[in-house]
>>> print(open('model.txt').read())   # compact mmCIF, C-alpha atoms and all ligand atoms
# COMPACT_ATOMS: atom_id res chain seq x y z
CA MET H 1 12.05 -8.69 -8.51
CA ARG H 2 13.28 -6.16 -11.04
CA GLU H 3 11.86 -8.33 -13.83
CA LYS H 4 8.47 -8.37 -12.11
CA VAL H 5 8.32 -4.59 -11.73
CA ARG H 6 9.42 -4.01 -15.31
CA ASP H 7 6.64 -6.30 -16.55
CA MET H 8 3.96 -4.44 -14.59
CA PRO H 9 2.80 -2.00 -17.29
CA TYR H 10 2.06 -4.91 -19.60
CA ARG H 11 -0.49 -6.33 -17.16
CA LEU H 12 -2.73 -3.29 -17.57
CA GLY H 13 -5.69 -4.47 -19.66
CA GLU H 14 -8.82 -2.72 -20.93
CA THR H 15 -10.49 -0.05 -18.84
CA LEU H 16 -13.68 -1.38 -17.31
CA ILE H 17 -14.89 1.73 -15.46
CA THR H 18 -13.54 5.19 -16.28
CA ALA H 19 -12.61 7.81 -13.68
CA PRO H 20 -15.64 10.04 -14.50
CA GLN H 21 -17.98 7.01 -14.24
CA ILE H 22 -16.53 6.16 -10.82
CA GLN H 23 -16.84 9.74 -9.60
CA ALA H 24 -20.46 10.02 -10.77
CA ARG H 25 -21.42 6.77 -9.03
CA VAL H 26 -19.55 7.68 -5.82
CA HIS H 27 -21.56 10.90 -5.66
CA GLU H 28 -24.83 8.99 -6.25
CA LEU H 29 -23.96 6.57 -3.43
CA ALA H 30 -23.02 9.46 -1.14
CA GLY H 31 -26.41 11.05 -1.87
CA LEU H 32 -28.27 7.85 -0.92
CA ILE H 33 -26.17 7.35 2.22
CA SER H 34 -26.58 10.99 3.28
CA LYS H 35 -30.37 10.61 2.97
CA ASP H 36 -30.47 7.33 4.91
CA TYR H 37 -28.10 8.41 7.69
CA SER H 38 -29.34 11.89 8.51
CA ASN H 39 -29.81 12.25 12.28
CA ARG H 40 -27.94 9.01 12.96
CA ASP H 41 -24.55 8.18 14.45
CA LEU H 42 -22.65 7.20 11.30
CA LEU H 43 -19.27 5.52 11.63
CA LEU H 44 -17.56 4.51 8.38
CA ILE H 45 -15.33 1.45 8.71
CA CYS H 46 -12.87 1.46 5.83
CA VAL H 47 -11.33 -1.93 5.03
CA LEU H 48 -7.64 -1.46 4.29
CA LYS H 49 -5.94 -1.33 1.94
CA GLY H 50 -8.19 -1.76 -1.07
CA ALA H 51 -11.05 0.51 0.01
CA ALA H 52 -8.87 3.49 1.01
CA VAL H 53 -9.24 5.38 -2.27
CA PHE H 54 -13.00 4.75 -2.44
CA TRP H 55 -13.42 5.78 1.21
CA ALA H 56 -11.50 9.03 0.61
CA ASP H 57 -13.83 10.08 -2.21
CA LEU H 58 -17.02 8.74 -0.62
CA CYS H 59 -16.61 10.43 2.77
CA ARG H 60 -15.83 13.77 1.13
CA ALA H 61 -19.06 13.55 -0.89
CA LEU H 62 -21.26 12.90 2.17
CA CYS H 63 -23.33 15.75 3.54
CA VAL H 64 -24.07 14.24 6.96
CA PRO H 65 -21.81 14.14 10.02
CA CYS H 66 -19.72 10.98 10.21
CA GLN H 67 -16.63 9.53 11.80
CA SER H 68 -14.23 7.07 10.20
CA ASP H 69 -12.05 4.24 11.39
CA PHE H 70 -9.98 1.58 9.67
CA VAL H 71 -9.70 -2.19 9.89
CA ALA H 72 -7.55 -4.70 8.05
CA MET H 73 -8.28 -8.39 7.63
CA GLU H 74 -6.08 -11.43 7.17
CA SER H 75 -6.32 -12.59 3.60
CA TYR H 76 -7.90 -15.86 2.59
CA GLY H 77 -5.20 -16.10 -0.05
CA ASP H 78 -6.08 -18.74 -2.61
CA GLY H 79 -7.87 -20.95 -0.12
CA THR H 80 -11.36 -19.86 0.79
CA SER H 81 -12.06 -22.61 3.27
CA PRO H 82 -14.71 -21.53 5.76
CA THR H 83 -12.72 -23.42 8.43
CA THR H 84 -9.85 -20.91 8.23
CA LYS H 85 -11.71 -17.84 9.39
CA PRO H 86 -9.61 -14.71 8.91
CA ARG H 87 -9.00 -12.41 11.85
CA PHE H 88 -8.31 -8.70 12.03
CA THR H 89 -4.71 -7.71 11.43
CA LYS H 90 -5.92 -4.28 12.52
CA ALA H 91 -9.09 -3.94 14.58
CA ALA H 92 -11.14 -0.76 14.92
CA GLY H 93 -9.69 1.70 17.41
CA VAL H 94 -13.01 2.98 18.71
CA SER H 95 -16.00 1.30 20.34
CA LEU H 96 -18.69 0.29 17.85
CA ALA H 97 -21.38 -0.31 20.48
CA GLY H 98 -24.60 1.50 19.63
CA ARG H 99 -23.14 3.14 16.51
CA ASP H 100 -24.52 3.05 12.95
CA ILE H 101 -21.72 1.21 11.15
CA LEU H 102 -21.26 1.41 7.39
CA ILE H 103 -18.49 -0.85 6.11
CA VAL H 104 -16.67 0.62 3.11
CA GLU H 105 -15.22 -2.17 0.92
CA ASP H 106 -13.51 -2.25 -2.44
CA ILE H 107 -14.97 -5.46 -3.85
CA ILE H 108 -17.15 -8.40 -2.83
CA ASP H 109 -15.87 -11.49 -4.60
CA THR H 110 -16.57 -14.91 -3.02
CA GLY H 111 -18.25 -13.11 -0.11
CA HIS H 112 -16.23 -14.86 2.62
CA THR H 113 -14.42 -11.70 3.81
CA SER H 114 -17.66 -9.77 4.09
CA VAL H 115 -19.45 -12.53 6.00
CA ARG H 116 -16.55 -12.79 8.45
CA LEU H 117 -16.20 -9.03 8.80
CA ARG H 118 -19.88 -8.62 9.65
CA GLU H 119 -19.59 -11.44 12.20
CA LEU H 120 -16.58 -9.77 13.87
CA LEU H 121 -18.16 -6.29 13.94
CA ARG H 122 -21.53 -7.54 15.18
CA ILE H 123 -19.86 -8.88 18.35
CA GLN H 124 -19.55 -5.27 19.53
CA GLU H 125 -23.32 -4.75 19.20
CA PRO H 126 -23.58 -1.75 16.88
CA ALA H 127 -27.03 -0.16 16.47
CA SER H 128 -26.92 -1.04 12.75
CA LEU H 129 -24.51 -2.61 10.29
CA ALA H 130 -24.52 -2.14 6.52
CA MET H 131 -22.13 -2.64 3.58
CA CYS H 132 -21.12 -0.15 0.92
CA ALA H 133 -18.99 -1.89 -1.73
CA LEU H 134 -17.71 -0.20 -4.86
CA LEU H 135 -17.66 -3.45 -6.86
CA ASP H 136 -19.69 -6.65 -6.80
CA LYS H 137 -18.29 -9.66 -8.67
CA ALA H 138 -21.64 -11.41 -8.28
CA GLU H 139 -20.87 -14.45 -10.47
CA ARG H 140 -18.10 -15.52 -8.09
CA ARG H 141 -20.19 -15.56 -4.93
CA GLN H 142 -19.85 -18.65 -2.73
CA VAL H 143 -21.68 -17.34 0.35
CA GLU H 144 -24.61 -14.92 0.52
CA THR H 145 -23.90 -11.50 1.98
CA PRO H 146 -25.97 -8.34 1.69
CA ILE H 147 -24.62 -5.23 -0.08
CA GLU H 148 -26.85 -2.33 0.93
CA TYR H 149 -24.99 0.18 -1.27
CA CYS H 150 -23.30 -1.19 -4.40
CA GLY H 151 -21.32 0.84 -6.92
CA PHE H 152 -21.07 -1.49 -9.91
CA VAL H 153 -21.73 -5.15 -10.64
CA ILE H 154 -18.78 -6.38 -12.71
CA PRO H 155 -18.04 -9.53 -14.71
CA ASN H 156 -15.75 -12.29 -13.47
CA ALA H 157 -12.32 -10.76 -14.13
CA PHE H 158 -9.45 -9.73 -11.88
CA VAL H 159 -9.56 -5.93 -11.72
CA ILE H 160 -7.04 -3.30 -10.64
CA GLY H 161 -6.96 0.42 -9.94
CA TYR H 162 -8.83 2.88 -7.69
CA GLY H 163 -7.39 1.17 -4.61
CA LEU H 164 -7.42 -2.40 -5.93
CA ASP H 165 -4.06 -4.02 -6.42
CA TYR H 166 -2.18 -6.76 -8.13
CA ALA H 167 0.97 -7.57 -6.11
CA GLN H 168 0.52 -4.18 -4.35
CA GLN H 169 0.74 -2.34 -7.68
CA TYR H 170 -1.83 -0.25 -9.58
CA ARG H 171 -3.74 1.07 -6.53
CA HIS H 172 -3.06 4.65 -7.66
CA LEU H 173 -4.90 4.42 -10.99
CA PRO H 174 -7.96 6.72 -11.01
CA TYR H 175 -9.94 4.17 -13.08
CA ILE H 176 -10.63 0.41 -12.93
CA ALA H 177 -9.00 -1.86 -15.49
CA VAL H 178 -8.79 -5.58 -16.12
CA LEU H 179 -5.54 -7.33 -15.26
CA GLN H 180 -4.19 -8.74 -18.48
CA SER H 181 -2.86 -12.30 -18.56
CA PRO H 182 0.90 -12.47 -18.98
CA PRO H 183 2.00 -13.14 -22.56
CA GLU H 184 2.55 -16.82 -23.45
CA THR H 185 6.21 -17.81 -23.30
P1 LIG O 1 -13.84 -12.21 -1.02
O1 LIG O 1 -13.52 -13.31 -2.00
O2 LIG O 1 -15.22 -11.65 -1.27
O3 LIG O 1 -13.62 -12.68 0.38
O4 LIG O 1 -12.81 -11.03 -1.31
C1 LIG O 1 -11.56 -11.01 -0.69
C2 LIG O 1 -10.72 -9.85 -1.12
O5 LIG O 1 -10.03 -10.24 -2.30
C3 LIG O 1 -11.38 -8.53 -1.49
O6 LIG O 1 -11.71 -7.72 -0.41
C4 LIG O 1 -10.27 -7.90 -2.32
O7 LIG O 1 -9.34 -7.24 -1.48
C5 LIG O 1 -9.65 -9.10 -2.99
N1 LIG O 1 -10.13 -9.20 -4.39
C6 LIG O 1 -11.12 -9.97 -4.87
N2 LIG O 1 -11.27 -9.80 -6.21
C7 LIG O 1 -10.33 -8.88 -6.55
C8 LIG O 1 -9.98 -8.26 -7.81
O8 LIG O 1 -10.57 -8.50 -8.89
N3 LIG O 1 -8.95 -7.37 -7.76
C9 LIG O 1 -8.28 -7.06 -6.61
N4 LIG O 1 -8.58 -7.59 -5.43
C10 LIG O 1 -9.59 -8.51 -5.40
MG MG O 2 -10.97 -5.78 0.37
>>> encode(input="model.txt", output="structure tokens")
Amino acid sequence: MREKVRDMPYRLGETLITAPQIQARVHELAGLISKDYSNRDLLLICVLKGAAVFWADLCRALCVPCQSDFVAMESYGDGTSPTTKPRFTKAAGVSLAGRDILIVEDIIDTGHTSVRLRELLRIQEPASLAMCALLDKAERRQVETPIEYCGFVIPNAFVIGYGLDYAQQYRHLPYIAVLQSPPET
């Protein structure tokens, strides 16, 4: 374990999106959302843990009333079989019925988590359901899923920072970087 932690700094690759670029885009997204959700009943659903940093900046940049709640999903791990549908490890604590739900996600990769999440939230019959994802790894998509508000489309690389982790590390970085492959041994 100590070895693993000591190696961590060496996995930090090139910066893909700088902190000022993220902040500028978060404020643009908040402007669009504020326009679209004026006079509605906005409930942000932040998907833990990865979206927590994005949610914190996004909600503070909104200029419409909103509430927030948090969900967490079982991970697909390496297997993305549609037969093993992930469940909530933490479900929303408030009723979603009749509310305007905006899911706040860190990244859409294969799309399986998003498809499943929408399915689970729709059961409660919200008035509307939309997705705001900071990152879209479009090349990796296996199932179609709409992203109504998208921060950045990124290439097919494993990324870390601004909430996104590798082995629970790097979430605190204010920018997004590529995870570097370990050196050949
Ligand atoms: P999905 O493949 O679209 O179902 O994404 C599943 C989850 O994998 C995302 O919500 C992220 O939490 C995680 N994930 C996918 N790609 C990355 C990445 O590049 N860095 C960190 N986490 C990722
Ligand atoms: Mg996620």
>>> residues_near_ligand(input="model.txt", ligand="ligand LIG 1 (chain O)", cutoff="6 Å", atoms="only C-alpha atoms and all ligand atoms", output="short mmCIF file (atom, residue, chain, number, x, y, z; two decimals) with C-alpha atoms, keeping the file's coordinate frame")
data_model
loop_
_atom_site.label_atom_id
_atom_site.label_comp_id
_atom_site.auth_asym_id
_atom_site.auth_seq_id
_atom_site.Cartn_x
_atom_site.Cartn_y
_atom_site.Cartn_z
CA GLY H 50 -8.19 -1.76 -1.07
CA ILE H 107 -14.97 -5.46 -3.85
CA ILE H 108 -17.15 -8.40 -2.83
CA ASP H 109 -15.87 -11.49 -4.60
CA THR H 110 -16.57 -14.91 -3.02
CA GLY H 111 -18.25 -13.11 -0.11
CA HIS H 112 -16.23 -14.86 2.62
CA THR H 113 -14.42 -11.70 3.81
CA ALA H 157 -12.32 -10.76 -14.13
CA PHE H 158 -9.45 -9.73 -11.88
CA VAL H 159 -9.56 -5.93 -11.72
CA ILE H 160 -7.04 -3.30 -10.64
CA LEU H 164 -7.42 -2.40 -5.93
CA ASP H 165 -4.06 -4.02 -6.42
#
>>> atom_distance(input="model.txt", atom1="CA of Cys59 in chain H", atom2="CA of Tyr162 in chain H")
15.1 Å
>>> residues_around(input="model.txt", residues="range 32-38 of chain H", least_positions_apart="5", cutoff="7 Å", atoms="all atoms listed in the file", output="CSV table (one decimal) with C-alpha atoms, in the frame of the given file")
chain,number,residue,atom,x,y,z
H,62,LEU,CA,-21.3,12.9,2.2
H,63,CYS,CA,-23.3,15.8,3.5
H,64,VAL,CA,-24.1,14.2,7.0
>>> residues_near_ligand(input="model.txt", ligand="ligand MG 2 (chain O)", cutoff="7 Å", atoms="all atoms listed in the file", output="ChimeraX atom specification")
/H:47-51,105-107
>>> residues_around(input="model.txt", residues="Glu74 in chain H", least_positions_apart="2", cutoff="8 Å", atoms="all atoms listed in the file", output="PyMOL selection string")
chain H and resi 72+76+86-89
>>> closest_residue(input="model.txt", among="H:Ala138, H:Gly13, H:Leu43, H:Ala52", to="Ala92 in chain H", atoms="all atoms listed in the file")
H:Leu43
>>> atom_distance(input="model.txt", atom1="CA of Asp100 in chain H", atom2="CA of Leu44 in chain H")
8.5 Å
>>> build_atoms(input="model.txt", residues="range 163-174 of chain H", atoms="all heavy atoms", output="PDB file, keeping the file's coordinate frame")
ATOM      1  N   GLY H 163      -7.579   1.833  -5.902  1.00  0.00           N
ATOM      2  CA  GLY H 163      -7.390   1.170  -4.610  1.00  0.00           C
ATOM      3  C   GLY H 163      -7.112  -0.314  -4.724  1.00  0.00           C
ATOM      4  O   GLY H 163      -6.451  -0.897  -3.867  1.00  0.00           O
ATOM      5  N   LEU H 164      -7.612  -0.946  -5.793  1.00  0.00           N
ATOM      6  CA  LEU H 164      -7.420  -2.400  -5.930  1.00  0.00           C
ATOM      7  C   LEU H 164      -6.059  -2.696  -6.538  1.00  0.00           C
ATOM      8  O   LEU H 164      -5.624  -2.020  -7.472  1.00  0.00           O
ATOM      9  CB  LEU H 164      -8.521  -3.007  -6.815  1.00  0.00           C
ATOM     10  CG  LEU H 164      -9.900  -2.965  -6.166  1.00  0.00           C
ATOM     11  CD1 LEU H 164     -10.836  -2.091  -6.970  1.00  0.00           C
ATOM     12  CD2 LEU H 164     -10.464  -4.356  -6.026  1.00  0.00           C
ATOM     13  N   ASP H 165      -5.437  -3.739  -6.012  1.00  0.00           N
ATOM     14  CA  ASP H 165      -4.060  -4.020  -6.420  1.00  0.00           C
ATOM     15  C   ASP H 165      -3.880  -5.360  -7.082  1.00  0.00           C
ATOM     16  O   ASP H 165      -4.701  -6.272  -6.931  1.00  0.00           O
ATOM     17  CB  ASP H 165      -3.138  -3.987  -5.193  1.00  0.00           C
ATOM     18  CG  ASP H 165      -3.272  -5.251  -4.343  1.00  0.00           C
ATOM     19  OD1 ASP H 165      -4.403  -5.581  -3.942  1.00  0.00           O
ATOM     20  OD2 ASP H 165      -2.249  -5.935  -4.117  1.00  0.00           O
ATOM     21  N   TYR H 166      -2.761  -5.465  -7.776  1.00  0.00           N
ATOM     22  CA  TYR H 166      -2.180  -6.760  -8.130  1.00  0.00           C
ATOM     23  C   TYR H 166      -0.751  -6.689  -7.627  1.00  0.00           C
ATOM     24  O   TYR H 166       0.006  -5.789  -8.052  1.00  0.00           O
ATOM     25  CB  TYR H 166      -2.223  -7.011  -9.641  1.00  0.00           C
ATOM     26  CG  TYR H 166      -1.378  -8.211 -10.026  1.00  0.00           C
ATOM     27  CD1 TYR H 166      -1.753  -9.491  -9.635  1.00  0.00           C
ATOM     28  CD2 TYR H 166      -0.196  -8.052 -10.739  1.00  0.00           C
ATOM     29  CE1 TYR H 166      -0.961 -10.587  -9.947  1.00  0.00           C
ATOM     30  CE2 TYR H 166       0.601  -9.147 -11.058  1.00  0.00           C
ATOM     31  CZ  TYR H 166       0.211 -10.416 -10.657  1.00  0.00           C
ATOM     32  OH  TYR H 166       0.992 -11.497 -10.954  1.00  0.00           O
ATOM     33  N   ALA H 167      -0.358  -7.572  -6.710  1.00  0.00           N
ATOM     34  CA  ALA H 167       0.970  -7.570  -6.110  1.00  0.00           C
ATOM     35  C   ALA H 167       1.330  -6.170  -5.592  1.00  0.00           C
ATOM     36  O   ALA H 167       2.446  -5.691  -5.792  1.00  0.00           O
ATOM     37  CB  ALA H 167       2.013  -8.071  -7.110  1.00  0.00           C
ATOM     38  N   GLN H 168       0.370  -5.514  -4.962  1.00  0.00           N
ATOM     39  CA  GLN H 168       0.520  -4.180  -4.350  1.00  0.00           C
ATOM     40  C   GLN H 168       0.714  -3.058  -5.377  1.00  0.00           C
ATOM     41  O   GLN H 168       0.923  -1.910  -4.983  1.00  0.00           O
ATOM     42  CB  GLN H 168       1.662  -4.153  -3.311  1.00  0.00           C
ATOM     43  CG  GLN H 168       1.478  -5.113  -2.150  1.00  0.00           C
ATOM     44  CD  GLN H 168       0.201  -4.837  -1.356  1.00  0.00           C
ATOM     45  OE1 GLN H 168      -0.222  -3.701  -1.208  1.00  0.00           O
ATOM     46  NE2 GLN H 168      -0.426  -5.881  -0.850  1.00  0.00           N
ATOM     47  N   GLN H 169       0.605  -3.367  -6.639  1.00  0.00           N
ATOM     48  CA  GLN H 169       0.740  -2.340  -7.680  1.00  0.00           C
ATOM     49  C   GLN H 169      -0.643  -1.912  -8.162  1.00  0.00           C
ATOM     50  O   GLN H 169      -1.620  -2.618  -7.955  1.00  0.00           O
ATOM     51  CB  GLN H 169       1.517  -2.912  -8.877  1.00  0.00           C
ATOM     52  CG  GLN H 169       2.962  -3.231  -8.588  1.00  0.00           C
ATOM     53  CD  GLN H 169       3.873  -2.006  -8.657  1.00  0.00           C
ATOM     54  OE1 GLN H 169       3.495  -0.960  -9.171  1.00  0.00           O
ATOM     55  NE2 GLN H 169       5.072  -2.149  -8.146  1.00  0.00           N
ATOM     56  N   TYR H 170      -0.660  -0.777  -8.843  1.00  0.00           N
ATOM     57  CA  TYR H 170      -1.830  -0.250  -9.580  1.00  0.00           C
ATOM     58  C   TYR H 170      -2.894   0.421  -8.702  1.00  0.00           C
ATOM     59  O   TYR H 170      -3.894   0.886  -9.220  1.00  0.00           O
ATOM     60  CB  TYR H 170      -2.536  -1.350 -10.400  1.00  0.00           C
ATOM     61  CG  TYR H 170      -1.676  -2.024 -11.424  1.00  0.00           C
ATOM     62  CD1 TYR H 170      -1.288  -3.353 -11.272  1.00  0.00           C
ATOM     63  CD2 TYR H 170      -1.252  -1.344 -12.563  1.00  0.00           C
ATOM     64  CE1 TYR H 170      -0.510  -3.992 -12.213  1.00  0.00           C
ATOM     65  CE2 TYR H 170      -0.469  -1.972 -13.518  1.00  0.00           C
ATOM     66  CZ  TYR H 170      -0.099  -3.299 -13.337  1.00  0.00           C
ATOM     67  OH  TYR H 170       0.662  -3.923 -14.278  1.00  0.00           O
ATOM     68  N   ARG H 171      -2.696   0.474  -7.377  1.00  0.00           N
ATOM     69  CA  ARG H 171      -3.740   1.070  -6.530  1.00  0.00           C
ATOM     70  C   ARG H 171      -3.990   2.528  -6.883  1.00  0.00           C
ATOM     71  O   ARG H 171      -5.068   3.064  -6.630  1.00  0.00           O
ATOM     72  CB  ARG H 171      -3.319   1.004  -5.056  1.00  0.00           C
ATOM     73  CG  ARG H 171      -3.231  -0.393  -4.472  1.00  0.00           C
ATOM     74  CD  ARG H 171      -3.093  -0.289  -2.953  1.00  0.00           C
ATOM     75  NE  ARG H 171      -2.626  -1.517  -2.331  1.00  0.00           N
ATOM     76  CZ  ARG H 171      -3.408  -2.550  -2.009  1.00  0.00           C
ATOM     77  NH1 ARG H 171      -4.687  -2.504  -2.276  1.00  0.00           N
ATOM     78  NH2 ARG H 171      -2.907  -3.618  -1.423  1.00  0.00           N
ATOM     79  N   HIS H 172      -2.981   3.205  -7.426  1.00  0.00           N
ATOM     80  CA  HIS H 172      -3.060   4.650  -7.660  1.00  0.00           C
ATOM     81  C   HIS H 172      -3.827   5.035  -8.919  1.00  0.00           C
ATOM     82  O   HIS H 172      -4.097   6.208  -9.138  1.00  0.00           O
ATOM     83  CB  HIS H 172      -1.634   5.225  -7.759  1.00  0.00           C
ATOM     84  CG  HIS H 172      -0.876   4.655  -8.918  1.00  0.00           C
ATOM     85  ND1 HIS H 172      -0.489   3.339  -8.972  1.00  0.00           N
ATOM     86  CD2 HIS H 172      -0.479   5.228 -10.076  1.00  0.00           C
ATOM     87  CE1 HIS H 172       0.149   3.115 -10.104  1.00  0.00           C
ATOM     88  NE2 HIS H 172       0.168   4.245 -10.796  1.00  0.00           N
ATOM     89  N   LEU H 173      -4.182   4.077  -9.755  1.00  0.00           N
ATOM     90  CA  LEU H 173      -4.900   4.420 -10.990  1.00  0.00           C
ATOM     91  C   LEU H 173      -6.256   5.032 -10.644  1.00  0.00           C
ATOM     92  O   LEU H 173      -6.955   4.517  -9.776  1.00  0.00           O
ATOM     93  CB  LEU H 173      -5.133   3.167 -11.845  1.00  0.00           C
ATOM     94  CG  LEU H 173      -3.909   2.408 -12.330  1.00  0.00           C
ATOM     95  CD1 LEU H 173      -4.352   1.137 -13.062  1.00  0.00           C
ATOM     96  CD2 LEU H 173      -3.061   3.283 -13.240  1.00  0.00           C
ATOM     97  N   PRO H 174      -6.667   6.105 -11.325  1.00  0.00           N
ATOM     98  CA  PRO H 174      -7.960   6.720 -11.010  1.00  0.00           C
ATOM     99  C   PRO H 174      -9.153   6.004 -11.644  1.00  0.00           C
ATOM    100  O   PRO H 174     -10.291   6.413 -11.477  1.00  0.00           O
ATOM    101  CB  PRO H 174      -7.820   8.140 -11.565  1.00  0.00           C
ATOM    102  CG  PRO H 174      -6.810   8.021 -12.649  1.00  0.00           C
ATOM    103  CD  PRO H 174      -5.876   6.899 -12.277  1.00  0.00           C
TER     104      PRO H 174
END
